Structure formats: structure tokens, C-alpha cells
$ cat coords-v7.txt   # compact mmCIF, C-alpha atoms and all ligand atoms
# COMPACT_ATOMS: atom_id res chain seq x y z
CA MET A 1 0.00 0.00 0.00
CA SER A 2 1.42 3.43 -0.93
CA GLY A 3 1.96 6.20 1.59
CA ASP A 4 -0.92 8.18 0.03
CA ARG A 5 -3.32 5.31 0.43
CA ASP A 6 -2.21 4.85 4.02
CA GLU A 7 -3.10 8.47 4.65
CA ALA A 8 -6.51 8.03 3.00
CA ALA A 9 -7.19 5.01 5.16
CA ASP A 10 -6.17 6.97 8.26
CA ALA A 11 -8.55 9.78 7.34
CA THR A 12 -11.51 7.41 7.43
CA GLN A 13 -10.24 5.43 10.42
CA PRO A 14 -12.33 7.12 13.14
CA LEU A 15 -15.63 5.88 11.69
CA GLU A 16 -14.47 2.47 10.51
CA SER A 17 -15.97 -0.51 12.25
CA ASP A 18 -15.83 -4.26 11.79
CA ARG A 19 -19.54 -4.31 12.51
CA GLU A 20 -22.49 -3.00 10.58
CA LEU A 21 -23.41 0.50 11.73
CA VAL A 22 -27.20 0.72 11.72
CA GLY A 23 -29.32 3.84 12.21
CA ILE A 24 -32.76 3.31 13.69
CA VAL A 25 -35.41 6.04 13.70
CA ALA A 26 -39.14 6.71 13.69
CA VAL A 27 -39.88 9.73 11.53
CA ALA A 28 -43.13 11.48 10.67
CA ASP A 29 -44.08 12.45 7.12
CA ASN A 30 -43.04 16.04 7.93
CA GLY A 31 -39.62 14.94 9.17
CA VAL A 32 -40.38 15.41 12.88
CA ILE A 33 -38.77 12.93 15.29
CA GLY A 34 -39.10 14.65 18.66
CA LYS A 35 -40.91 17.12 20.86
CA ASP A 36 -39.94 18.35 24.33
CA GLY A 37 -37.32 15.62 24.70
CA ASP A 38 -39.72 12.83 23.81
CA MET A 39 -41.36 11.39 20.71
CA PRO A 40 -44.59 13.13 19.67
CA TRP A 41 -46.52 9.86 19.32
CA HIS A 42 -47.03 6.62 21.19
CA ILE A 43 -46.88 3.57 18.94
CA PRO A 44 -46.39 0.42 21.06
CA ALA A 45 -45.66 -1.70 17.95
CA ASP A 46 -42.80 0.64 17.07
CA LEU A 47 -41.35 0.43 20.57
CA GLN A 48 -41.49 -3.35 20.25
CA HIS A 49 -39.85 -3.15 16.80
CA PHE A 50 -37.05 -1.01 18.27
CA LYS A 51 -36.63 -3.41 21.17
CA GLU A 52 -36.42 -6.49 18.95
CA ALA A 53 -33.92 -4.87 16.58
CA THR A 54 -31.59 -3.50 19.24
CA MET A 55 -31.79 -6.15 22.00
CA ASP A 56 -28.36 -7.47 23.03
CA HIS A 57 -26.47 -4.86 20.97
CA PRO A 58 -24.65 -1.63 21.70
CA VAL A 59 -26.82 1.46 21.07
CA ILE A 60 -25.21 4.87 20.59
CA MET A 61 -27.33 7.91 21.42
CA GLY A 62 -27.02 11.57 22.35
CA ARG A 63 -27.21 12.78 25.94
CA VAL A 64 -30.65 14.38 25.44
CA THR A 65 -32.19 11.16 24.11
CA TYR A 66 -30.50 9.17 26.88
CA GLU A 67 -31.91 11.44 29.58
CA GLY A 68 -35.39 11.12 28.05
CA ILE A 69 -35.13 7.33 28.29
CA LEU A 70 -33.86 7.50 31.88
CA GLU A 71 -36.82 9.68 32.77
CA THR A 72 -39.28 7.25 31.18
CA LEU A 73 -37.77 3.91 32.20
CA GLY A 74 -35.80 4.92 35.29
CA GLU A 75 -32.80 3.08 33.83
CA PRO A 76 -30.90 2.72 30.54
CA LEU A 77 -32.38 0.39 27.89
CA PRO A 78 -32.35 -3.07 29.50
CA GLY A 79 -30.33 -5.80 27.78
CA ARG A 80 -28.35 -3.35 25.67
CA THR A 81 -25.24 -1.22 26.22
CA THR A 82 -26.11 2.43 25.85
CA VAL A 83 -23.19 4.53 24.65
CA VAL A 84 -24.04 8.13 25.56
CA LEU A 85 -22.42 10.86 23.48
CA THR A 86 -21.71 13.84 25.70
CA SER A 87 -19.11 16.52 26.28
CA ARG A 88 -20.00 16.42 29.97
CA ASP A 89 -18.44 14.50 32.77
CA LEU A 90 -21.43 12.20 33.00
CA GLU A 91 -21.79 9.50 35.62
CA THR A 92 -23.57 6.51 34.13
CA PRO A 93 -25.32 3.58 35.80
CA GLU A 94 -24.64 -0.04 34.84
CA GLY A 95 -25.64 -0.65 31.24
CA ALA A 96 -24.49 2.77 30.01
CA VAL A 97 -21.11 4.31 29.22
CA ALA A 98 -20.27 7.87 28.23
CA ALA A 99 -18.22 8.82 25.16
CA ASN A 100 -16.98 12.29 24.30
CA GLY A 101 -16.90 12.00 20.50
CA LEU A 102 -17.81 9.78 17.53
CA GLU A 103 -14.56 7.86 17.57
CA ALA A 104 -14.82 7.19 21.29
CA ALA A 105 -18.48 6.16 20.89
CA LEU A 106 -17.62 3.64 18.19
CA GLU A 107 -14.74 2.30 20.22
CA ARG A 108 -17.03 1.87 23.24
CA GLY A 109 -19.61 0.21 21.01
CA GLU A 110 -17.04 -2.19 19.57
CA ARG A 111 -15.85 -3.10 23.02
CA ALA A 112 -19.37 -3.70 24.33
CA ALA A 113 -20.22 -5.85 21.28
CA ARG A 114 -17.15 -8.01 21.92
CA GLU A 115 -17.25 -8.22 25.67
CA ARG A 116 -20.93 -8.00 26.62
CA HIS A 117 -22.97 -8.98 23.57
CA ASP A 118 -21.22 -12.14 22.37
CA GLY A 119 -19.65 -10.50 19.32
CA ALA A 120 -22.87 -8.79 18.12
CA ASP A 121 -22.49 -7.90 14.44
CA ARG A 122 -24.33 -4.57 14.60
CA ILE A 123 -23.90 -1.30 16.43
CA PHE A 124 -27.02 0.86 16.48
CA VAL A 125 -27.25 4.63 16.23
CA ALA A 126 -30.51 5.71 17.87
CA GLY A 127 -30.53 9.51 17.65
CA GLY A 128 -31.44 12.19 18.33
CA ALA A 129 -31.16 14.62 15.44
CA THR A 130 -27.61 15.74 16.26
CA VAL A 131 -26.36 12.19 16.45
CA TYR A 132 -28.16 11.02 13.28
CA GLU A 133 -26.63 13.95 11.43
CA GLU A 134 -23.12 13.16 12.64
CA PHE A 135 -23.32 9.44 11.91
CA LEU A 136 -25.38 9.48 8.71
CA PRO A 137 -22.36 9.43 6.32
CA ALA A 138 -21.00 6.37 8.16
CA LEU A 139 -24.21 4.32 8.37
CA ASP A 140 -24.44 1.06 6.41
CA ARG A 141 -28.12 0.45 7.06
CA LEU A 142 -31.08 2.53 8.16
CA ILE A 143 -34.14 1.08 9.86
CA VAL A 144 -36.95 3.59 9.51
CA THR A 145 -40.46 3.65 10.89
CA GLU A 146 -42.45 6.04 8.73
CA VAL A 147 -45.16 7.60 10.88
CA HIS A 148 -47.96 8.80 8.62
CA ASP A 149 -48.75 12.00 10.44
CA ASP A 150 -47.57 15.63 10.51
CA PRO A 151 -47.14 16.29 14.24
CA GLU A 152 -45.76 19.45 15.77
CA GLY A 153 -42.24 19.01 17.05
CA ASP A 154 -38.92 20.65 17.80
CA THR A 155 -36.55 18.02 16.38
CA SER A 156 -36.34 16.66 12.83
CA PHE A 157 -34.41 13.98 11.02
CA PRO A 158 -31.63 15.53 8.90
CA GLU A 159 -31.94 15.81 5.14
CA TRP A 160 -30.73 12.63 3.47
CA ASP A 161 -30.33 11.56 -0.13
CA ARG A 162 -32.59 8.52 -0.58
CA THR A 163 -31.15 7.87 -4.05
CA GLU A 164 -27.99 6.59 -2.29
CA TRP A 165 -30.01 3.89 -0.53
CA ASP A 166 -31.95 0.79 -1.59
CA VAL A 167 -35.14 -0.21 0.20
CA VAL A 168 -34.63 -3.85 1.17
CA SER A 169 -37.85 -4.35 3.09
CA ARG A 170 -41.17 -2.63 3.69
CA ASP A 171 -43.96 -3.65 6.05
CA ASP A 172 -47.03 -1.41 5.93
CA ARG A 173 -49.16 -1.18 9.05
CA ASP A 174 -52.11 0.95 10.05
CA GLY A 175 -50.81 4.55 10.12
CA PHE A 176 -47.13 3.66 9.92
CA ALA A 177 -44.67 1.45 8.03
CA PHE A 178 -41.43 -0.33 8.85
CA LEU A 179 -38.74 0.11 6.19
CA GLU A 180 -35.15 -0.95 5.92
CA TYR A 181 -32.62 0.80 3.70
CA VAL A 182 -29.14 -0.37 2.78
CA ARG A 183 -26.55 2.04 1.41
CA GLN A 184 -25.71 1.32 -2.23
CA ASP A 185 -22.13 0.14 -2.92
N1 LIG B 1 -38.19 9.43 16.65
C1 LIG B 1 -37.04 8.80 16.97
O1 LIG B 1 -36.76 7.71 16.48
C2 LIG B 1 -36.10 9.45 17.94
C3 LIG B 1 -34.92 8.81 18.27
C4 LIG B 1 -34.06 9.44 19.17
C5 LIG B 1 -34.40 10.68 19.70
N2 LIG B 1 -35.55 11.26 19.34
C6 LIG B 1 -35.92 12.58 19.87
O2 LIG B 1 -34.90 13.52 19.51
C7 LIG B 1 -34.85 14.53 20.53
C8 LIG B 1 -33.43 14.68 21.02
O3 LIG B 1 -32.56 14.96 19.93
P1 LIG B 1 -31.45 16.11 20.02
O4 LIG B 1 -30.84 16.25 18.66
O5 LIG B 1 -32.05 17.30 20.65
O6 LIG B 1 -30.41 15.55 21.09
P2 LIG B 1 -29.49 14.25 21.10
O7 LIG B 1 -28.87 14.04 19.76
O8 LIG B 1 -30.20 13.13 21.73
O9 LIG B 1 -28.36 14.73 22.13
C9 LIG B 1 -27.57 15.84 21.84
C10 LIG B 1 -26.40 15.83 22.78
O10 LIG B 1 -25.54 14.74 22.51
C11 LIG B 1 -24.20 15.10 22.79
N3 LIG B 1 -23.39 14.97 21.58
C12 LIG B 1 -23.83 14.87 20.30
N4 LIG B 1 -22.76 14.74 19.48
C13 LIG B 1 -21.67 14.77 20.25
C14 LIG B 1 -20.28 14.68 19.99
N5 LIG B 1 -19.80 14.49 18.75
N6 LIG B 1 -19.42 14.74 21.03
C15 LIG B 1 -19.88 14.89 22.30
N7 LIG B 1 -21.19 14.97 22.61
C16 LIG B 1 -22.06 14.92 21.60
C17 LIG B 1 -24.24 16.51 23.33
O11 LIG B 1 -24.41 16.36 24.72
P3 LIG B 1 -23.82 17.39 25.82
O12 LIG B 1 -24.70 18.60 25.73
O13 LIG B 1 -23.98 16.64 27.10
O14 LIG B 1 -22.40 17.66 25.43
C18 LIG B 1 -25.52 17.06 22.70
O15 LIG B 1 -26.06 18.15 23.42
C19 LIG B 1 -35.81 14.09 21.62
O16 LIG B 1 -37.06 14.74 21.44
C20 LIG B 1 -35.96 12.60 21.37
O17 LIG B 1 -37.18 12.07 21.86
C21 LIG B 1 -36.43 10.68 18.48
$ encode --input "coords-v7.txt" --output "C-alpha cells"
Amino acid sequence: MSGDRDEAADATQPLESDRELVGIVAVADNGVIGKDGDMPWHIPADLQHFKEATMDHPVIMGRVTYEGILETLGEPLPGRTTVVLTSRDLETPEGAVAANGLEAALERGERAARERHDGADRIFVAGGATVYEEFLPALDRLIVTEVHDDPEGDTSFPEWDRTEWDVVSRDDRDGFAFLEYVRQD
């Protein structure tokens, strides 16, 4: 490998992972994903879908989303390792670890996959908007729940170019749909 190529490889190193990096989001037709630190809808089937997809995997999320979950559940997501992106000196309970940047978050995710989740082959990126935006260029797969509504909200999914992605599955339900996108080669 030439020196130039080594440098190119180094430039992409921080977001490289042996595992599939998978975004998971529920997004309304108007792009809204959040309101007042929570989701502006309650769809039990979507919560179940999220649980089934992410169970026994590392899940990276921003500090705001993490605190919303703590408030609702009283603990981090059970059965998963939550990697909390934050610039703060955050104390975390068992089941969560803090990371102060994307590279650190991926490294924590890799370690949790190896050591706690029996070599899990996916690391999830579960929002919110800031974190989706930062990770979007690095995602291999995107699991999307389309919520067929136009709710008011204060947080939206970032703009993304759907022509770069193939839909590999679609499951239409009453008022929402589960889709899975894979980034084209
Ligand atoms: N519909 C969905 O599927 C879905 C999924 C997730 C979240 N949400 C919603 O989205 C909303 C929250 O989204 P949000 O964008 O406001 O917040 P967020 O992404 O959850 O958290 C933002 C925080 O993450 C930390 N952070 C992000 N990138 C970082 C980096 N590179 N280095 C260090 N720290 C970093 C910072 O924390 P510090 O300030 O501590 O430094 C930042 O303030 C909520 O309403 C939530 O319910 C919806």
C-alpha cells in the first residue's frame, strides 16, 4: 500500500468498524422525530420493533435522548449497552457508558459488542437529530419507521439523499410502516 493510500485510510479510520453500523429512527411524514425531549406519538408496535432490533447490541445515542429514556424507564435500555455521546463528565449507571466523540463512541460500542454482547455484528445509532446527522455518512443500514402523520415538534431527522439507498424491506401497518434501507455500494 502506498503512503498516500495509508493516509486516505487513516482519514476514514475514526468511523471504521468491523460491525455494521445501523441507524434506527421513527420519523413522521413532515420529518419530525421529537418534541420536548420525547417522541410526539405513542406507537407500542414501534417500541417493540425497536426493542427487537436492538436487543443485546450496543446502542449509541445523544445525551438528550439518553436522559429522556432515563426519565421514562428509570434506567438505561435493558439488555443493551447504551453509549451516551456527551461533552459532559457524566456518571452513568450499569448498562451505560459515556463517550466524548464519535470515535470514542464507536470504540465503546465495539468493546461492548465483543465483551458483553457475544460478538454482536451490529452497532445501532438511535438519535437524536444531532447524532443522526453526525453518523449518517458512516451508516451502512437505516431502519426507519415512517409515521404517517404531521405532528408538531422541535426536532427533525436531517436531510438525506434517498437515491444513495436501496429499500430492502417494507412492512405497511395501520398509520405507519417499517422500512429498511441499505446504502448502495
Ligand atoms: N423518533 C425517533 O426515532 C427518535 C430517536 C431518538 C431521539 N428522538 C428525539 O430527539 C430529541 C433529542 O434529539 P437532540 O438532537 O435534541 O439531542 P441528542 O442528539 O439526543 O443529544 C444531543 C447531545 O448529545 C451530545 N453529543 C452529540 N454529538 C456529540 C459529539 N460528537 N461529542 C460529544 N457529545 C455529543 C451533546 O451532549 P452534551 O450537551 O452533554 O455535550 C448534545 O447536546 C428528543 O425529542 C428525542 O425524543 C427521536
$ closest_atom_pairs --input "coords-v7.txt" --of "chain A" --to "ligand LIG 1 (chain B)" --cutoff "7 Å" --atoms "all atoms listed in the file" --output "Markdown table"
| residue | atom | partner | partner_atom | distance |
| --- | --- | --- | --- | --- |
| A:Ile24 | CA | B:LIG1 | O1 | 6.6 |
| A:Val25 | CA | B:LIG1 | O1 | 3.5 |
| A:Ala26 | CA | B:LIG1 | O1 | 3.8 |
| A:Val27 | CA | B:LIG1 | N1 | 5.4 |
| A:Ile33 | CA | B:LIG1 | N1 | 3.8 |
| A:Gly34 | CA | B:LIG1 | O16 | 3.4 |
| A:Lys35 | CA | B:LIG1 | O16 | 4.6 |
| A:Asp36 | CA | B:LIG1 | O16 | 5.4 |
| A:Gly37 | CA | B:LIG1 | O16 | 3.4 |
| A:Asp38 | CA | B:LIG1 | O17 | 3.3 |
| A:Met39 | CA | B:LIG1 | O17 | 4.4 |
| A:Met61 | CA | B:LIG1 | O8 | 6.0 |
| A:Gly62 | CA | B:LIG1 | O9 | 3.4 |
| A:Arg63 | CA | B:LIG1 | O10 | 4.3 |
| A:Val64 | CA | B:LIG1 | O8 | 3.9 |
| A:Thr65 | CA | B:LIG1 | O8 | 3.7 |
| A:Tyr66 | CA | B:LIG1 | O8 | 6.5 |
| A:Gly68 | CA | B:LIG1 | O17 | 6.5 |
| A:Leu85 | CA | B:LIG1 | N7 | 4.4 |
| A:Thr86 | CA | B:LIG1 | N7 | 3.3 |
| A:Ser87 | CA | B:LIG1 | O14 | 3.6 |
| A:Arg88 | CA | B:LIG1 | O13 | 4.9 |
| A:Ala99 | CA | B:LIG1 | C15 | 6.9 |
| A:Asn100 | CA | B:LIG1 | C15 | 4.4 |
| A:Gly101 | CA | B:LIG1 | N6 | 3.8 |
| A:Leu102 | CA | B:LIG1 | N5 | 5.3 |
| A:Ala126 | CA | B:LIG1 | C4 | 5.3 |
| A:Gly127 | CA | B:LIG1 | C4 | 3.8 |
| A:Gly128 | CA | B:LIG1 | O3 | 3.4 |
| A:Ala129 | CA | B:LIG1 | O4 | 3.6 |
| A:Thr130 | CA | B:LIG1 | O4 | 4.1 |
| A:Val131 | CA | B:LIG1 | O7 | 4.5 |
| A:Thr155 | CA | B:LIG1 | C7 | 5.7 |
$ residues_near_point --input "coords-v7.txt" --point "(-15.9, 0.3, 24.6)" --cutoff "12 Å" --atoms "all atoms listed in the file" --output "list in words"
Pro58, Val59, Ile60, Thr81, Thr82, Val83, Val84, Gly95, Ala96, Val97, Ala98, Ala99, Leu102, Glu103, Ala104, Ala105, Leu106, Glu107, Arg108, Gly109, Glu110, Arg111, Ala112, Ala113, Arg114, Glu115, Arg116, His117 and Ile123 of chain A
$ residues_around --input "coords-v7.txt" --residues "stretch 133-144 of chain A" --least-positions-apart "5" --cutoff "9 Å" --atoms "all atoms listed in the file" --output "PyMOL selection string"
chain A and resi 15-16+20-27+53+102+125+127-128+157-160+165+177-184
$ closest_residue --input "coords-v7.txt" --among "A:Leu77, A:Val147, A:Leu90, A:Val167" --to "A:Asp56" --atoms "only C-alpha atoms"
A:Leu77
$ residues_around --input "coords-v7.txt" --residues "A:Ala28" --least-positions-apart "2" --cutoff "9 Å" --atoms "only C-alpha atoms" --output "list in words"
Ala26, Asn30, Gly31, Val32, Ile33, Thr145, Glu146, Val147, His148, Asp149, Asp150, Pro151, Ser156 and Phe176 of chain A
$ atom_distance --input "coords-v7.txt" --atom1 "atom CA of A:Met55" --atom2 "atom CA of A:Arg80"
5.8 Å
$ atom_distance --input "coords-v7.txt" --atom1 "atom CA of A:Thr92" --atom2 "atom CA of A:His49"
25.7 Å
$ atom_distance --input "coords-v7.txt" --atom1 "atom CA of A:Asp174" --atom2 "atom CA of A:Tyr132"
26.2 Å
$ axis_aligned_box --input "coords-v7.txt" --around "stretch 114-124 of chain A" --padding-each-side "8 Å" --output "lines of an AutoDock Vina configuration file"
center_x = -22.1
center_y = -5.6
center_z = 20.5
size_x = 25.9
size_y = 29.0
size_z = 28.2
